[in-house]
file work_25.txt (compact mmCIF, C-alpha atoms)
# COMPACT_ATOMS: atom_id res chain seq x y z
CA MET F 20 -84.27 -2.74 3.62
CA ASN F 21 -82.53 0.42 2.52
CA GLU F 22 -82.07 1.53 6.10
CA ARG F 23 -80.47 -1.80 6.89
CA LEU F 24 -77.92 -1.37 4.11
CA GLU F 25 -77.19 2.18 5.20
CA LEU F 26 -76.54 1.04 8.78
CA ASP F 27 -74.11 -1.60 7.49
CA ASP F 28 -72.38 1.00 5.35
CA LEU F 29 -72.00 3.30 8.31
CA ARG F 30 -70.52 0.54 10.45
CA HIS F 31 -68.06 -0.46 7.73
CA HIS F 32 -67.12 3.16 7.26
CA GLU F 33 -66.44 3.55 10.99
CA GLN F 34 -64.39 0.37 11.02
CA PHE F 35 -62.44 1.61 8.05
CA ILE F 36 -61.68 4.92 9.77
CA ALA F 37 -60.53 3.06 12.93
CA LEU F 38 -58.27 0.76 10.91
CA GLU F 39 -56.86 3.65 8.97
CA SER F 40 -55.87 5.52 12.10
CA GLU F 41 -54.38 2.34 13.57
CA VAL F 42 -52.25 1.82 10.47
CA LYS F 43 -51.12 5.43 10.62
CA GLU F 44 -50.12 5.01 14.27
CA LEU F 45 -48.20 1.79 13.56
CA THR F 46 -46.37 3.39 10.66
CA ARG F 47 -45.40 6.35 12.83
CA ARG F 48 -44.08 4.02 15.53
CA SER F 49 -42.11 1.87 13.14
CA LEU F 50 -40.43 4.93 11.63
CA GLU F 51 -39.56 6.08 15.15
CA GLN F 52 -37.97 2.73 15.96
CA ALA F 53 -36.00 2.69 12.72
CA ALA F 54 -34.56 6.09 13.59
CA LEU F 55 -33.68 4.92 17.12
CA LEU F 56 -31.97 1.80 15.72
CA GLU F 57 -29.87 3.88 13.38
CA ALA F 58 -28.81 6.20 16.19
CA LEU F 59 -27.83 3.23 18.39
CA SER F 60 -25.93 1.33 15.73
CA GLY F 61 -23.74 4.38 15.27
CA LYS F 62 -22.77 4.10 18.94
CA VAL F 63 -22.33 0.32 19.00
CA SER F 64 -20.03 -0.17 16.01
CA GLY F 65 -16.35 -0.10 16.97
CA ALA F 66 -17.00 -1.07 20.58
CA GLY F 67 -15.04 -4.27 21.12
CA GLN F 68 -15.49 -5.26 17.49
CA GLU F 69 -12.00 -4.98 16.01
CA ASP F 70 -10.46 -8.33 15.19
CA LYS F 71 -7.61 -7.70 17.56
CA LEU F 72 -5.90 -9.47 20.45
CA SER F 73 -4.20 -7.27 23.04
CA LEU F 74 -1.98 -9.00 25.56
CA ILE F 75 -0.50 -7.53 28.70
CA VAL F 76 2.50 -9.62 29.61
CA PHE F 77 3.32 -8.86 33.26
CA SER F 78 4.90 -12.09 34.44
CA GLY F 79 8.57 -12.86 33.99
CA SER F 80 8.20 -16.64 34.16
CA LEU F 81 9.20 -18.74 31.17
CA ASP F 82 5.94 -20.70 31.29
CA ARG F 83 3.85 -17.54 31.03
CA LEU F 84 6.04 -16.13 28.27
CA ILE F 85 5.60 -19.34 26.29
CA ALA F 86 1.83 -19.06 26.73
CA ALA F 87 1.92 -15.40 25.70
CA PHE F 88 3.80 -16.10 22.50
CA VAL F 89 1.73 -19.15 21.59
CA LEU F 90 -1.37 -16.96 21.92
CA ALA F 91 0.22 -14.14 19.94
CA THR F 92 1.48 -16.30 17.07
CA GLY F 93 -1.72 -18.34 17.02
CA ALA F 94 -3.87 -15.22 16.84
CA ALA F 95 -1.65 -13.74 14.14
CA ALA F 96 -1.93 -16.95 12.13
CA MET F 97 -5.71 -16.67 12.41
CA GLY F 98 -5.56 -13.25 10.82
CA MET F 99 -6.04 -11.22 13.98
CA GLN F 100 -4.16 -8.03 14.67
CA VAL F 101 -1.97 -8.62 17.73
CA SER F 102 -0.51 -6.13 20.18
CA MET F 103 1.65 -7.21 23.12
CA PHE F 104 2.47 -4.95 26.04
CA PHE F 105 5.45 -5.94 28.16
CA THR F 106 5.40 -4.57 31.66
CA PHE F 107 7.16 -5.23 34.94
CA TRP F 108 8.96 -8.57 35.15
CA ALA F 109 8.17 -9.39 31.53
CA THR F 110 10.35 -6.50 30.32
CA ALA F 111 13.36 -8.54 31.46
CA ALA F 112 12.42 -11.18 28.89
CA LEU F 113 13.19 -8.72 26.12
CA ARG F 114 16.75 -8.07 27.26
CA LYS F 115 19.74 -8.99 25.18
CA ASP F 116 23.41 -9.08 26.01
CA ALA F 117 24.59 -5.50 25.79
CA LYS F 118 26.95 -3.21 27.64
CA VAL F 119 24.90 -0.28 28.86
CA LYS F 120 25.77 2.70 31.03
CA LYS F 121 23.92 2.49 34.34
CA THR F 122 23.98 3.87 37.84
CA LEU F 123 25.01 1.52 40.66
CA LEU F 124 21.43 0.79 41.66
CA GLU F 125 20.43 0.17 38.04
CA ARG F 126 23.37 -2.19 37.60
CA MET F 127 22.32 -4.10 40.71
CA PHE F 128 18.84 -4.59 39.29
CA GLY F 129 20.44 -5.63 36.03
CA TRP F 130 22.39 -8.41 37.78
CA MET F 131 19.38 -9.63 39.76
CA LEU F 132 17.00 -9.74 36.81
CA PRO F 133 17.09 -12.39 34.06
CA LYS F 134 18.99 -11.25 31.01
CA GLY F 135 16.49 -12.26 28.38
CA VAL F 136 14.42 -15.34 27.64
CA LYS F 137 17.29 -17.77 28.19
CA GLU F 138 17.49 -16.86 31.87
CA LEU F 139 13.79 -16.84 32.76
CA PRO F 140 12.70 -19.06 35.67
CA LEU F 141 9.61 -21.23 35.72
CA SER F 142 6.77 -20.11 38.00
CA GLN F 143 6.70 -23.62 39.45
CA MET F 144 9.24 -26.47 39.55
CA ASN F 145 12.03 -24.06 38.84
CA MET F 146 14.41 -26.35 40.74
CA ALA F 147 17.16 -23.75 40.81
CA GLY F 148 17.23 -23.49 37.03
CA GLY F 149 16.75 -27.18 36.28
CA GLY F 150 13.09 -26.67 35.45
CA PRO F 151 13.57 -24.34 32.47
CA LEU F 152 16.28 -26.62 31.06
CA MET F 153 13.93 -29.59 31.24
CA ILE F 154 11.08 -27.70 29.66
CA ARG F 155 13.27 -26.46 26.82
CA HIS F 156 14.52 -29.98 26.22
CA ILE F 157 11.00 -31.39 26.03
CA MET F 158 9.84 -28.54 23.83
CA LYS F 159 12.60 -29.31 21.36
CA LYS F 160 11.76 -33.01 21.40
CA LYS F 161 8.07 -32.39 20.81
CA GLY F 162 8.64 -29.83 18.08
CA VAL F 163 7.28 -26.89 20.02
CA SER F 164 8.79 -23.62 18.87
CA SER F 165 11.13 -21.96 21.30
CA VAL F 166 10.23 -18.47 22.54
CA GLU F 167 13.02 -17.04 20.38
CA GLU F 168 11.54 -18.73 17.28
CA MET F 169 8.08 -17.46 18.20
CA ILE F 170 9.40 -13.91 18.52
CA ASP F 171 10.76 -14.23 14.97
CA LEU F 172 7.35 -15.46 13.81
CA CYS F 173 5.73 -12.50 15.54
CA ALA F 174 7.98 -10.16 13.58
CA GLU F 175 6.99 -11.94 10.35
CA PHE F 176 3.32 -11.49 11.17
CA SER F 177 3.72 -7.86 12.24
CA VAL F 178 2.77 -8.47 15.85
CA GLU F 179 3.25 -5.22 17.75
CA LEU F 180 5.60 -5.33 20.70
CA ASN F 181 5.28 -2.44 23.13
CA VAL F 182 7.36 -1.93 26.26
CA CYS F 183 6.22 -0.09 29.35
CA THR F 184 8.67 2.75 30.00
CA MET F 185 7.63 3.03 33.64
CA SER F 186 8.68 -0.57 34.27
CA MET F 187 11.96 0.06 32.50
CA ASP F 188 12.62 3.06 34.72
CA LEU F 189 11.78 1.14 37.90
CA LEU F 190 13.96 -1.81 36.95
CA GLY F 191 16.81 0.29 35.62
CA MET F 192 16.54 -0.95 32.03
CA LYS F 193 17.71 0.99 29.01
CA PRO F 194 16.30 0.83 25.46
CA GLU F 195 19.73 -0.20 24.11
CA GLU F 196 19.62 -3.47 26.02
CA LEU F 197 16.37 -4.66 24.51
CA ILE F 198 16.20 -7.07 21.58
CA ASP F 199 16.07 -5.78 18.04
CA TYR F 200 12.47 -6.07 16.99
CA PRO F 201 10.88 -4.23 14.07
CA ASN F 202 9.03 -1.15 15.33
CA LEU F 203 9.53 -1.96 19.01
CA SER F 204 7.64 0.81 20.74
CA PHE F 205 8.06 2.40 24.14
CA CYS F 206 4.85 3.54 25.72
CA GLY F 207 2.66 4.02 28.74
CA VAL F 208 -0.75 2.94 29.88
CA ALA F 209 -2.61 5.29 27.55
CA LYS F 210 -1.25 3.54 24.45
CA PHE F 211 -2.36 0.20 25.84
CA LEU F 212 -5.86 1.43 26.66
CA GLU F 213 -6.32 3.09 23.29
CA THR F 214 -5.08 0.00 21.47
CA ALA F 215 -7.03 -2.55 23.49
CA ALA F 216 -10.38 -0.82 23.98
CA PRO F 217 -11.83 -1.41 20.48
CA GLY F 218 -10.46 -4.96 20.26
CA LYS F 219 -12.39 -8.20 20.77
CA LEU F 220 -9.91 -9.92 23.02
CA THR F 221 -7.71 -8.57 25.80
CA LEU F 222 -5.71 -10.73 28.19
CA PHE F 223 -3.43 -10.23 31.18
CA LEU F 224 -0.67 -12.78 31.66
CA MET M 3 0.96 -27.17 -5.62
CA THR M 4 2.43 -25.94 -2.36
CA GLU M 5 2.96 -28.52 0.35
CA VAL M 6 3.47 -27.79 4.03
CA ASP M 7 5.08 -30.48 6.15
CA ALA M 8 4.42 -29.69 9.80
CA ARG M 9 4.95 -33.27 10.95
CA GLY M 10 6.94 -33.36 14.17
CA LYS M 11 5.85 -29.83 14.99
CA SER M 12 3.47 -28.82 17.76
CA CYS M 13 0.93 -26.04 18.19
CA PRO M 14 1.01 -23.28 17.11
CA LEU M 15 3.44 -24.14 14.32
CA PRO M 16 1.11 -26.20 12.08
CA ILE M 17 -1.38 -23.37 11.65
CA VAL M 18 1.31 -20.71 11.62
CA LEU M 19 3.01 -22.53 8.72
CA THR M 20 -0.39 -22.95 7.07
CA ALA M 21 -1.01 -19.21 7.37
CA LYS M 22 2.38 -18.43 5.85
CA ALA M 23 1.86 -20.81 2.93
CA LEU M 24 -1.59 -19.49 2.13
CA ARG M 25 -0.34 -15.91 2.35
CA SER M 26 2.04 -16.47 -0.54
CA ALA M 27 -0.36 -18.69 -2.49
CA SER M 28 -2.23 -17.35 -5.50
CA ALA M 29 -6.02 -17.08 -5.67
CA GLY M 30 -7.69 -20.47 -6.06
CA GLU M 31 -4.49 -22.37 -5.32
CA LEU M 32 -4.61 -25.61 -3.32
CA VAL M 33 -2.18 -26.10 -0.44
CA THR M 34 -1.52 -29.46 1.21
CA VAL M 35 -0.73 -29.43 4.93
CA ARG M 36 0.55 -32.48 6.76
CA ALA M 37 0.80 -32.59 10.56
CA ASP M 38 0.79 -35.19 13.30
CA ASP M 39 -0.12 -32.83 16.15
CA ARG M 40 -3.25 -34.21 17.84
CA ALA M 41 -4.76 -30.73 17.91
CA PHE M 42 -4.42 -30.34 14.13
CA PRO M 43 -7.88 -31.56 13.00
CA GLU M 44 -9.68 -29.09 15.27
CA ASP M 45 -7.17 -26.30 14.72
CA ILE M 46 -7.16 -26.47 10.93
CA GLN M 47 -10.96 -26.42 10.81
CA ALA M 48 -11.03 -23.42 13.15
CA TRP M 49 -8.35 -21.69 11.11
CA CYS M 50 -10.23 -22.19 7.84
CA ARG M 51 -13.49 -20.93 9.33
CA LYS M 52 -11.85 -17.88 10.89
CA THR M 53 -9.85 -16.90 7.83
CA SER M 54 -12.57 -17.83 5.30
CA HIS M 55 -10.53 -20.47 3.49
CA GLU M 56 -12.12 -23.62 2.08
CA LEU M 57 -11.10 -26.87 3.77
CA VAL M 58 -11.37 -29.08 0.70
CA SER M 59 -10.49 -32.26 2.59
CA LEU M 60 -9.09 -33.50 5.88
CA GLU M 61 -7.85 -37.09 5.95
CA SER M 62 -6.30 -39.36 8.51
CA LYS M 63 -3.29 -41.09 7.03
CA ALA M 64 -0.70 -43.47 8.44
CA GLY M 65 0.47 -41.58 11.53
CA PHE M 66 -0.50 -38.09 10.39
CA PHE M 67 -3.31 -35.86 9.14
CA GLU M 68 -3.48 -34.38 5.66
CA ALA M 69 -5.53 -31.29 4.92
CA LEU M 70 -6.19 -29.67 1.57
CA VAL M 71 -6.82 -25.94 1.87
CA LYS M 72 -7.98 -23.72 -0.97
CA LYS M 73 -7.21 -20.04 -1.15
CA PRO M 74 -10.35 -18.05 -2.06
call {"tool": "encode", "arguments": {"input": "work_25.txt", "output": "structure tokens"}}
result
Amino acid sequence: MNERLELDDLRHHEQFIALESEVKELTRRSLEQAALLEALSGKVSGAGQEDKLSLIVFSGSLDRLIAAFVLATGAAAMGMQVSMFFTFWATAALRKDAKVKKTLLERMFGWMLPKGVKELPLSQMNMAGGGPLMIRHIMKKKGVSSVEEMIDLCAEFSVELNVCTMSMDLLGMKPEELIDYPNLSFCGVAKFLETAAPGKLTLFL
Amino acid sequence: MTEVDARGKSCPLPIVLTAKALRSASAGELVTVRADDRAFPEDIQAWCRKTSHELVSLESKAGFFEALVKKP
């Protein structure tokens, strides 16, 4: 009878030792995973997490500019930080009426390009200028803000407007002929990439 | 109580005007927003969720929608 009890004891003791070492192993592994998680979360935070919309506006069509500004003002109203980058044909949309010193070639480009939002064509149904007039008329009737009004709203909501200097050089545009916008910045691709990389939403129009 | 009348205005103006009104509102203040834009019901709910404002009520009235938004 005694022997029987001793055998049981021994078995329980062995089981206990096995369990103990298993618990130790599990604890070790869970501490390892916690450390790994912490290391990873340091790398993940900031990657595409900023509540920011970055927009590249490339097109110089009125329809695309309307879309760009609806997105920008909408995002700003939703509390997002918004940064717009005007490049290529879109830089013409930011022109105002101004007498600027230019070379002959630059002046030629100046004549051929739209002088601001009022002269932008539609990408379809332009109908030699009839299209934009129609669209503007309907927008007014339906209470849709004009692009000019949306630009004012952007200023109110501190939307950043950046202009690609390379495009300006190619199209012969000077800073003095661009609209007055608070903190209008002149930049290159690096500024765009740095601004857009940590943001949640980046679009090309 | 601040009232925003965005009737006759289309997207994005209703929520832009809402954002402006709530910006200058004081904590806990109620702002009424009226709009007849068909997108308004969805947009105002999305706006409140995104900006953490309480949508106290959203009603359909004669020809327009009326939302009551509370600043946290």
call {"tool": "closest_residue", "arguments": {"input": "work_25.txt", "among": "M:Lys52, M:Ser26, M:Lys73, M:Arg36", "to": "Lys11 of chain M", "atoms": "only C-alpha atoms"}}
result
M:Arg36
call {"tool": "closest_residue", "arguments": {"input": "work_25.txt", "among": "F:Ala111, F:Leu56, F:Met192, F:Met97", "to": "Thr20 of chain M", "atoms": "all atoms listed in the file"}}
result
F:Met97
call {"tool": "closest_residue", "arguments": {"input": "work_25.txt", "among": "F:Val119, F:Met144, F:Met158, F:Ala112", "to": "chain M", "atoms": "all atoms listed in the file"}}
result
F:Met158
call {"tool": "atom_distance", "arguments": {"input": "work_25.txt", "atom1": "atom CA of Gln34 of chain F", "atom2": "atom CA of Ser49 of chain F"}}
result
22.4 Å
call {"tool": "residues_around", "arguments": {"input": "work_25.txt", "residues": "Ala27 of chain M", "least_positions_apart": "3", "cutoff": "12 Å", "atoms": "all atoms listed in the file", "output": "CSV table (one decimal) with C-alpha atoms, keeping the file's coordinate frame"}}
result
chain,number,residue,atom,x,y,z
M,3,MET,CA,1.0,-27.2,-5.6
M,4,THR,CA,2.4,-25.9,-2.4
M,5,GLU,CA,3.0,-28.5,0.4
M,6,VAL,CA,3.5,-27.8,4.0
M,20,THR,CA,-0.4,-23.0,7.1
M,21,ALA,CA,-1.0,-19.2,7.4
M,22,LYS,CA,2.4,-18.4,5.8
M,23,ALA,CA,1.9,-20.8,2.9
M,24,LEU,CA,-1.6,-19.5,2.1
M,30,GLY,CA,-7.7,-20.5,-6.1
M,31,GLU,CA,-4.5,-22.4,-5.3
M,32,LEU,CA,-4.6,-25.6,-3.3
M,33,VAL,CA,-2.2,-26.1,-0.4
M,34,THR,CA,-1.5,-29.5,1.2
M,55,HIS,CA,-10.5,-20.5,3.5
M,71,VAL,CA,-6.8,-25.9,1.9
M,72,LYS,CA,-8.0,-23.7,-1.0
M,73,LYS,CA,-7.2,-20.0,-1.2
M,74,PRO,CA,-10.4,-18.0,-2.1
call {"tool": "residues_around", "arguments": {"input": "work_25.txt", "residues": "Gln47 of chain M", "least_positions_apart": "2", "cutoff": "10 Å", "atoms": "only C-alpha atoms", "output": "VMD selection string"}}
result
chain M and resid 42 to 45 49 to 52 55 to 57 60 69 71
call {"tool": "axis_aligned_box", "arguments": {"input": "work_25.txt", "around": "segment 106-116 of chain F", "padding_each_side": "6 Å", "output": "AutoDock Vina command-line options"}}
result
--center_x 14.4 --center_y -7.9 --center_z 30.2 --size_x 30.0 --size_y 18.6 --size_z 22.0
call {"tool": "residues_around", "arguments": {"input": "work_25.txt", "residues": "Met185 of chain F", "least_positions_apart": "4", "cutoff": "9 Å", "atoms": "all atoms listed in the file", "output": "PDB file with C-alpha atoms, in the coordinates of the input"}}
result
ATOM      1  CA  THR F 106       5.400  -4.570  31.660  1.00  0.00           C
ATOM      2  CA  PHE F 107       7.160  -5.230  34.940  1.00  0.00           C
ATOM      3  CA  LEU F 189      11.780   1.140  37.900  1.00  0.00           C
ATOM      4  CA  LEU F 190      13.960  -1.810  36.950  1.00  0.00           C
ATOM      5  CA  CYS F 206       4.850   3.540  25.720  1.00  0.00           C
ATOM      6  CA  GLY F 207       2.660   4.020  28.740  1.00  0.00           C
TER       7      GLY F 207
END
call {"tool": "closest_residue", "arguments": {"input": "work_25.txt", "among": "M:Val35, M:Ala41, M:Val18, M:Val58", "to": "chain F", "atoms": "all atoms listed in the file"}}
result
M:Val18
call {"tool": "residues_around", "arguments": {"input": "work_25.txt", "residues": "Asp171 of chain F", "least_positions_apart": "3", "cutoff": "12 Å", "atoms": "only C-alpha atoms", "output": "list in words"}}
result
Phe88, Ala91, Thr92, Ser164, Ser165, Val166, Glu167, Glu168, Ala174, Glu175, Phe176, Ser177, Val178, Leu180, Ile198, Asp199, Tyr200 and Pro201 of chain F; Val18 of chain M
call {"tool": "closest_residue", "arguments": {"input": "work_25.txt", "among": "M:Arg40, M:Thr53, M:Ser28, M:Gly65", "to": "Pro16 of chain M", "atoms": "all atoms listed in the file"}}
result
M:Arg40
call {"tool": "residues_around", "arguments": {"input": "work_25.txt", "residues": "Leu19 of chain M", "least_positions_apart": "6", "cutoff": "10 Å", "atoms": "all atoms listed in the file", "output": "PyMOL selection string"}}
result
(chain F and resi 96+172) or (chain M and resi 6-8+25+35)
call {"tool": "atom_distance", "arguments": {"input": "work_25.txt", "atom1": "atom CA of Ser73 of chain F", "atom2": "atom CA of Phe211 of chain F"}}
result
8.2 Å
call {"tool": "closest_residue", "arguments": {"input": "work_25.txt", "among": "F:Leu124, F:Leu24, F:Leu203, F:Ile157", "to": "chain M", "atoms": "all atoms listed in the file"}}
result
F:Ile157
call {"tool": "atom_distance", "arguments": {"input": "work_25.txt", "atom1": "atom CA of Leu72 of chain F", "atom2": "atom CA of Glu138 of chain F"}}
result
27.1 Å
